[in-house]
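What follows is the content of query_27.txt (compact mmCIF, all heavy atoms).
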```
# COMPACT_ATOMS: atom_id res chain seq x y z
N MET A 1 10.65 -6.43 3.38
CA MET A 1 9.47 -6.07 2.65
C MET A 1 9.53 -4.60 2.33
O MET A 1 9.97 -3.80 3.14
CB MET A 1 8.22 -6.40 3.48
CG MET A 1 6.94 -5.84 2.89
SD MET A 1 5.46 -6.21 3.85
CE MET A 1 5.00 -7.72 3.08
N GLU A 2 9.11 -4.24 1.15
CA GLU A 2 8.93 -2.85 0.74
C GLU A 2 7.50 -2.70 0.25
O GLU A 2 6.95 -3.62 -0.35
CB GLU A 2 9.89 -2.47 -0.37
CG GLU A 2 11.33 -2.40 0.06
CD GLU A 2 12.24 -1.93 -1.07
OE1 GLU A 2 11.75 -1.50 -2.12
OE2 GLU A 2 13.43 -2.00 -0.86
N ILE A 3 6.90 -1.57 0.52
CA ILE A 3 5.55 -1.28 0.04
C ILE A 3 5.63 -0.07 -0.87
O ILE A 3 6.20 0.96 -0.51
CB ILE A 3 4.58 -1.02 1.20
CG1 ILE A 3 4.47 -2.28 2.06
CG2 ILE A 3 3.22 -0.58 0.67
CD1 ILE A 3 3.59 -2.12 3.28
N VAL A 4 5.09 -0.20 -2.06
CA VAL A 4 5.05 0.88 -3.04
C VAL A 4 3.59 1.15 -3.35
O VAL A 4 2.81 0.23 -3.54
CB VAL A 4 5.81 0.49 -4.33
CG1 VAL A 4 5.73 1.60 -5.35
CG2 VAL A 4 7.25 0.13 -4.02
N CYS A 5 3.20 2.42 -3.37
CA CYS A 5 1.81 2.75 -3.67
C CYS A 5 1.74 3.86 -4.72
O CYS A 5 2.68 4.61 -4.91
CB CYS A 5 1.05 3.16 -2.41
SG CYS A 5 1.68 4.65 -1.65
N GLN A 6 0.60 3.90 -5.38
CA GLN A 6 0.34 4.92 -6.40
C GLN A 6 -1.02 5.52 -6.07
O GLN A 6 -1.98 4.80 -5.80
CB GLN A 6 0.32 4.28 -7.79
CG GLN A 6 -0.08 5.24 -8.89
CD GLN A 6 -0.11 4.56 -10.26
OE1 GLN A 6 0.50 3.52 -10.45
NE2 GLN A 6 -0.82 5.15 -11.18
N ALA A 7 -1.12 6.83 -6.09
CA ALA A 7 -2.38 7.51 -5.78
C ALA A 7 -2.69 8.55 -6.83
O ALA A 7 -1.82 9.30 -7.26
CB ALA A 7 -2.28 8.18 -4.41
N THR A 8 -3.95 8.57 -7.26
CA THR A 8 -4.43 9.59 -8.18
C THR A 8 -5.69 10.19 -7.59
O THR A 8 -6.48 9.50 -6.96
CB THR A 8 -4.73 9.01 -9.58
OG1 THR A 8 -5.62 7.91 -9.44
CG2 THR A 8 -3.48 8.53 -10.26
N PRO A 9 -5.89 11.49 -7.75
CA PRO A 9 -7.08 12.12 -7.18
C PRO A 9 -8.34 11.74 -7.93
O PRO A 9 -8.31 11.44 -9.13
CB PRO A 9 -6.78 13.62 -7.33
CG PRO A 9 -5.83 13.71 -8.46
CD PRO A 9 -5.04 12.44 -8.45
N THR A 10 -9.45 11.74 -7.20
CA THR A 10 -10.74 11.51 -7.83
C THR A 10 -11.35 12.87 -8.16
O THR A 10 -10.95 13.89 -7.63
CB THR A 10 -11.68 10.73 -6.91
OG1 THR A 10 -11.84 11.45 -5.70
CG2 THR A 10 -11.12 9.35 -6.60
N GLY A 11 -12.31 12.87 -9.04
CA GLY A 11 -12.99 14.11 -9.39
C GLY A 11 -12.64 14.56 -10.80
O GLY A 11 -11.90 13.90 -11.53
N ALA A 12 -13.16 15.69 -11.16
CA ALA A 12 -13.03 16.20 -12.52
C ALA A 12 -11.63 16.72 -12.82
O ALA A 12 -11.17 16.66 -13.95
CB ALA A 12 -14.05 17.30 -12.77
N VAL A 13 -10.94 17.25 -11.83
CA VAL A 13 -9.62 17.84 -12.06
C VAL A 13 -8.55 16.79 -11.77
O VAL A 13 -8.49 16.23 -10.69
CB VAL A 13 -9.40 19.07 -11.15
CG1 VAL A 13 -8.01 19.64 -11.37
CG2 VAL A 13 -10.46 20.12 -11.41
N ASN A 14 -7.72 16.51 -12.76
CA ASN A 14 -6.62 15.58 -12.56
C ASN A 14 -5.36 16.37 -12.24
O ASN A 14 -4.84 17.09 -13.07
CB ASN A 14 -6.40 14.72 -13.81
CG ASN A 14 -5.35 13.63 -13.58
OD1 ASN A 14 -4.67 13.61 -12.57
ND2 ASN A 14 -5.25 12.74 -14.52
N LEU A 15 -4.89 16.23 -11.02
CA LEU A 15 -3.73 16.99 -10.57
C LEU A 15 -2.44 16.18 -10.67
O LEU A 15 -1.40 16.62 -10.20
CB LEU A 15 -3.93 17.46 -9.13
CG LEU A 15 -5.17 18.35 -8.91
CD1 LEU A 15 -5.36 18.62 -7.44
CD2 LEU A 15 -5.03 19.64 -9.69
N GLY A 16 -2.50 15.00 -11.26
CA GLY A 16 -1.31 14.18 -11.41
C GLY A 16 -1.38 12.92 -10.58
O GLY A 16 -2.42 12.57 -10.02
N THR A 17 -0.28 12.23 -10.49
CA THR A 17 -0.20 10.97 -9.76
C THR A 17 0.96 11.05 -8.78
O THR A 17 2.03 11.56 -9.11
CB THR A 17 0.05 9.80 -10.74
OG1 THR A 17 -1.04 9.76 -11.67
CG2 THR A 17 0.12 8.47 -10.02
N ALA A 18 0.73 10.54 -7.58
CA ALA A 18 1.78 10.51 -6.56
C ALA A 18 2.21 9.06 -6.35
O ALA A 18 1.39 8.15 -6.37
CB ALA A 18 1.26 11.09 -5.25
N PHE A 19 3.50 8.87 -6.16
CA PHE A 19 4.05 7.55 -5.87
C PHE A 19 4.74 7.61 -4.52
O PHE A 19 5.40 8.61 -4.21
CB PHE A 19 5.06 7.13 -6.94
CG PHE A 19 4.45 6.95 -8.30
CD1 PHE A 19 4.40 8.00 -9.19
CD2 PHE A 19 3.92 5.73 -8.68
CE1 PHE A 19 3.85 7.86 -10.45
CE2 PHE A 19 3.36 5.57 -9.94
CZ PHE A 19 3.32 6.63 -10.83
N GLY A 20 4.61 6.56 -3.75
CA GLY A 20 5.29 6.51 -2.46
C GLY A 20 5.89 5.14 -2.22
O GLY A 20 5.40 4.14 -2.74
N GLU A 21 6.95 5.10 -1.45
CA GLU A 21 7.62 3.84 -1.14
C GLU A 21 8.11 3.89 0.29
O GLU A 21 8.69 4.90 0.72
CB GLU A 21 8.79 3.63 -2.09
CG GLU A 21 9.53 2.34 -1.87
CD GLU A 21 10.63 2.12 -2.90
OE1 GLU A 21 10.58 2.72 -3.99
OE2 GLU A 21 11.54 1.34 -2.59
N ILE A 22 7.86 2.83 1.04
CA ILE A 22 8.41 2.71 2.39
C ILE A 22 9.12 1.37 2.50
O ILE A 22 8.73 0.40 1.87
CB ILE A 22 7.33 2.85 3.49
CG1 ILE A 22 6.23 1.80 3.34
CG2 ILE A 22 6.73 4.23 3.50
CD1 ILE A 22 5.26 1.78 4.50
N GLY A 23 10.15 1.35 3.26
CA GLY A 23 10.90 0.11 3.46
C GLY A 23 12.31 0.26 2.97
O GLY A 23 12.70 1.32 2.50
N PRO A 24 13.11 -0.73 3.07
CA PRO A 24 12.74 -2.07 3.54
C PRO A 24 12.62 -2.12 5.06
O PRO A 24 13.23 -1.33 5.77
CB PRO A 24 13.88 -2.95 3.07
CG PRO A 24 15.06 -2.04 3.01
CD PRO A 24 14.50 -0.67 2.67
N PHE A 25 11.78 -3.02 5.52
CA PHE A 25 11.63 -3.26 6.95
C PHE A 25 11.26 -4.72 7.16
O PHE A 25 10.85 -5.41 6.24
CB PHE A 25 10.58 -2.32 7.58
CG PHE A 25 9.26 -2.32 6.86
CD1 PHE A 25 8.27 -3.21 7.22
CD2 PHE A 25 9.01 -1.42 5.84
CE1 PHE A 25 7.05 -3.21 6.56
CE2 PHE A 25 7.80 -1.41 5.19
CZ PHE A 25 6.81 -2.31 5.55
N GLU A 26 11.44 -5.18 8.38
CA GLU A 26 11.15 -6.57 8.70
C GLU A 26 9.87 -6.65 9.52
O GLU A 26 9.63 -5.80 10.39
CB GLU A 26 12.30 -7.19 9.48
CG GLU A 26 13.55 -7.35 8.65
CD GLU A 26 14.64 -8.08 9.39
OE1 GLU A 26 14.33 -8.90 10.27
OE2 GLU A 26 15.81 -7.84 9.07
N LEU A 27 9.05 -7.64 9.23
CA LEU A 27 7.82 -7.89 9.98
C LEU A 27 7.84 -9.32 10.48
O LEU A 27 8.42 -10.20 9.85
CB LEU A 27 6.60 -7.70 9.08
CG LEU A 27 6.39 -6.32 8.47
CD1 LEU A 27 5.24 -6.36 7.48
CD2 LEU A 27 6.11 -5.30 9.55
N ASP A 28 7.15 -9.55 11.60
CA ASP A 28 7.03 -10.93 12.04
C ASP A 28 6.16 -11.69 11.02
O ASP A 28 5.39 -11.06 10.27
CB ASP A 28 6.44 -11.00 13.46
CG ASP A 28 5.02 -10.48 13.52
OD1 ASP A 28 4.09 -11.25 13.20
OD2 ASP A 28 4.85 -9.30 13.87
N PRO A 29 6.28 -13.01 10.93
CA PRO A 29 5.59 -13.77 9.89
C PRO A 29 4.07 -13.56 9.84
O PRO A 29 3.50 -13.46 8.75
CB PRO A 29 5.93 -15.23 10.22
CG PRO A 29 7.24 -15.15 10.94
CD PRO A 29 7.17 -13.86 11.73
N ASN A 30 3.41 -13.46 10.98
CA ASN A 30 1.95 -13.28 10.99
C ASN A 30 1.55 -11.92 10.44
O ASN A 30 0.61 -11.81 9.65
CB ASN A 30 1.38 -13.46 12.40
CG ASN A 30 1.43 -14.90 12.86
OD1 ASN A 30 1.43 -15.83 12.05
ND2 ASN A 30 1.50 -15.09 14.16
N THR A 31 2.25 -10.88 10.84
CA THR A 31 1.95 -9.54 10.35
C THR A 31 2.25 -9.43 8.86
O THR A 31 1.47 -8.86 8.10
CB THR A 31 2.76 -8.48 11.12
OG1 THR A 31 2.47 -8.62 12.51
CG2 THR A 31 2.44 -7.08 10.65
N ARG A 32 3.35 -10.03 8.44
CA ARG A 32 3.71 -10.00 7.02
C ARG A 32 2.63 -10.67 6.18
O ARG A 32 2.23 -10.15 5.14
CB ARG A 32 5.05 -10.68 6.80
CG ARG A 32 5.50 -10.64 5.35
CD ARG A 32 6.83 -11.36 5.15
NE ARG A 32 7.21 -11.31 3.78
CZ ARG A 32 8.14 -10.54 3.26
NH1 ARG A 32 8.81 -9.72 4.06
NH2 ARG A 32 8.41 -10.55 1.99
N MET A 33 2.13 -11.82 6.63
CA MET A 33 1.08 -12.52 5.89
C MET A 33 -0.19 -11.68 5.81
O MET A 33 -0.82 -11.59 4.77
CB MET A 33 0.76 -13.88 6.53
CG MET A 33 -0.17 -14.72 5.70
SD MET A 33 -0.63 -16.34 6.37
CE MET A 33 0.64 -16.73 7.51
N SER A 34 -0.54 -11.01 6.90
CA SER A 34 -1.73 -10.16 6.91
C SER A 34 -1.58 -9.00 5.94
O SER A 34 -2.51 -8.67 5.18
CB SER A 34 -1.99 -9.61 8.31
OG SER A 34 -2.30 -10.66 9.20
N VAL A 35 -0.42 -8.36 5.93
CA VAL A 35 -0.17 -7.23 5.02
C VAL A 35 -0.20 -7.71 3.57
O VAL A 35 -0.79 -7.07 2.71
CB VAL A 35 1.16 -6.54 5.35
CG1 VAL A 35 1.55 -5.53 4.28
CG2 VAL A 35 1.09 -5.86 6.71
N GLU A 36 0.42 -8.85 3.28
CA GLU A 36 0.44 -9.37 1.92
C GLU A 36 -0.97 -9.71 1.43
O GLU A 36 -1.32 -9.42 0.29
CB GLU A 36 1.35 -10.59 1.82
CG GLU A 36 2.81 -10.22 1.88
CD GLU A 36 3.74 -11.42 1.85
OE1 GLU A 36 3.26 -12.57 1.96
OE2 GLU A 36 4.96 -11.20 1.71
N LYS A 37 -1.80 -10.29 2.29
CA LYS A 37 -3.18 -10.60 1.91
C LYS A 37 -3.97 -9.33 1.63
O LYS A 37 -4.74 -9.26 0.69
CB LYS A 37 -3.87 -11.41 3.01
CG LYS A 37 -3.43 -12.85 3.06
CD LYS A 37 -4.17 -13.60 4.14
CE LYS A 37 -3.73 -15.04 4.22
NZ LYS A 37 -4.44 -15.78 5.27
N LEU A 38 -3.76 -8.30 2.44
CA LEU A 38 -4.45 -7.03 2.24
C LEU A 38 -4.03 -6.39 0.91
O LEU A 38 -4.87 -5.93 0.13
CB LEU A 38 -4.16 -6.07 3.39
CG LEU A 38 -4.76 -4.68 3.28
CD1 LEU A 38 -6.27 -4.75 3.31
CD2 LEU A 38 -4.25 -3.80 4.40
N ILE A 39 -2.75 -6.40 0.64
CA ILE A 39 -2.25 -5.80 -0.60
C ILE A 39 -2.72 -6.59 -1.81
O ILE A 39 -3.06 -6.01 -2.85
CB ILE A 39 -0.71 -5.69 -0.56
CG1 ILE A 39 -0.30 -4.66 0.51
CG2 ILE A 39 -0.14 -5.31 -1.91
CD1 ILE A 39 1.17 -4.63 0.81
N ASP A 40 -2.75 -7.91 -1.72
CA ASP A 40 -3.16 -8.75 -2.83
C ASP A 40 -4.65 -8.65 -3.13
O ASP A 40 -5.09 -8.94 -4.23
CB ASP A 40 -2.81 -10.21 -2.58
CG ASP A 40 -1.32 -10.47 -2.69
OD1 ASP A 40 -0.62 -9.64 -3.30
OD2 ASP A 40 -0.86 -11.51 -2.18
N SER A 41 -5.43 -8.20 -2.17
CA SER A 41 -6.88 -8.07 -2.35
C SER A 41 -7.17 -6.91 -3.30
O SER A 41 -6.77 -5.78 -3.06
CB SER A 41 -7.55 -7.81 -1.00
OG SER A 41 -8.91 -7.47 -1.21
N THR A 42 -7.87 -7.19 -4.37
CA THR A 42 -8.19 -6.13 -5.33
C THR A 42 -9.26 -5.19 -4.79
O THR A 42 -9.43 -4.10 -5.31
CB THR A 42 -8.65 -6.73 -6.67
OG1 THR A 42 -9.79 -7.57 -6.44
CG2 THR A 42 -7.55 -7.54 -7.31
N ALA A 43 -9.98 -5.62 -3.77
CA ALA A 43 -11.04 -4.79 -3.20
C ALA A 43 -10.54 -3.90 -2.07
O ALA A 43 -11.30 -3.14 -1.50
CB ALA A 43 -12.17 -5.67 -2.68
N ALA A 44 -9.26 -3.99 -1.73
CA ALA A 44 -8.72 -3.25 -0.59
C ALA A 44 -8.66 -1.76 -0.89
O ALA A 44 -8.15 -1.33 -1.90
CB ALA A 44 -7.33 -3.76 -0.21
N ARG A 45 -9.21 -0.98 0.01
CA ARG A 45 -9.08 0.48 -0.05
C ARG A 45 -8.55 0.91 1.31
O ARG A 45 -9.16 0.64 2.34
CB ARG A 45 -10.44 1.13 -0.29
CG ARG A 45 -11.04 0.72 -1.59
CD ARG A 45 -11.46 1.93 -2.37
NE ARG A 45 -12.05 1.52 -3.62
CZ ARG A 45 -11.69 2.02 -4.77
NH1 ARG A 45 -10.76 2.93 -4.80
NH2 ARG A 45 -12.25 1.64 -5.87
N ILE A 46 -7.43 1.54 1.30
CA ILE A 46 -6.79 1.94 2.54
C ILE A 46 -6.80 3.46 2.61
O ILE A 46 -6.15 4.13 1.80
CB ILE A 46 -5.34 1.41 2.61
CG1 ILE A 46 -5.34 -0.11 2.43
CG2 ILE A 46 -4.68 1.81 3.92
CD1 ILE A 46 -3.97 -0.71 2.23
N PRO A 47 -7.57 4.04 3.54
CA PRO A 47 -7.61 5.51 3.62
C PRO A 47 -6.28 6.06 4.11
O PRO A 47 -5.62 5.48 4.95
CB PRO A 47 -8.72 5.79 4.64
CG PRO A 47 -8.84 4.53 5.44
CD PRO A 47 -8.41 3.41 4.53
N VAL A 48 -5.89 7.19 3.53
CA VAL A 48 -4.66 7.87 3.93
C VAL A 48 -5.04 9.24 4.43
O VAL A 48 -5.75 9.98 3.75
CB VAL A 48 -3.69 7.98 2.73
CG1 VAL A 48 -2.45 8.75 3.12
CG2 VAL A 48 -3.36 6.59 2.19
N TYR A 49 -4.60 9.59 5.62
CA TYR A 49 -4.94 10.87 6.22
C TYR A 49 -3.73 11.73 6.34
O TYR A 49 -2.66 11.32 6.52
CB TYR A 49 -5.58 10.68 7.58
CG TYR A 49 -6.83 9.86 7.54
CD1 TYR A 49 -6.81 8.51 7.90
CD2 TYR A 49 -8.02 10.40 7.10
CE1 TYR A 49 -7.95 7.75 7.84
CE2 TYR A 49 -9.18 9.64 7.04
CZ TYR A 49 -9.14 8.31 7.42
OH TYR A 49 -10.26 7.56 7.36
```

Conversion result in C-alpha cells:
Amino acid sequence: MEIVCQATPTGAVNLGTAFGEIGPFELDPNTRMSVEKLIDSTAARIPVY
C-alpha cells in the first residue's frame, strides 16, 4: 500500500500546494481495510501536526 496526499493552506493567502507520499508498506488485512475506508470517505479530515 502507498498513501499519497495533497495539502493546500486555508485562508486568504495561497502559499502553494504540498504533496506527500509514504510507502510502500504492508499492513495486516484488518488495518488495511480500516485505512482504505478512511481514505475512501469524502468526509474524512485527518489533522497533521

Separation of CZ of Arg32 (chain A) from atom N of Glu2 (chain A) in Å: 6.7 Å

Residue set, chain A restricted to helix (DSSP H, G or I), as a ChimeraX atom specification: /A:29-40

Can you work out the spacing between CA of Thr31 (chain A) and CA of Met1 (chain A) in Å, to one decimal?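 Distance reported for this atom pair: 11.3 Å.
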
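The spacing separating atom N of Phe19 (chain A) from CG1 of Val4 (chain A) amounts to 7.6 Å.
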
Could you pull out all residues of chain A with a DSSP call of strand (DSSP E or B) and give them as a list in words? Ile3, Val4, Cys5, Gln6, Ala7, Ala18, Phe19, Gly20, Glu21 and Ile22 of chain A

Listed atoms of region 10-28 of chain A, axis-aligned box, 3 Å per side: centre and edge lengths to one decimal in Å, as JSON?
```
{"center_x": 0.9, "center_y": 4.2, "center_z": -0.3, "size_x": 35.9, "size_y": 37.8, "size_z": 34.4}
```

With only C-alpha atoms as the basis for distance, which of A:Ser41, A:Ile3, A:Val35, A:Thr8 is at the shortest distance from Gly20 (chain A)? A:Ile3

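The environment of Ala7 (chain A) within 6 Å, counting all atoms listed in the file and disregarding residues fewer than 5 places along the same chain, consists of Gly16, Thr17, Ala18 and Phe19 of chain A.
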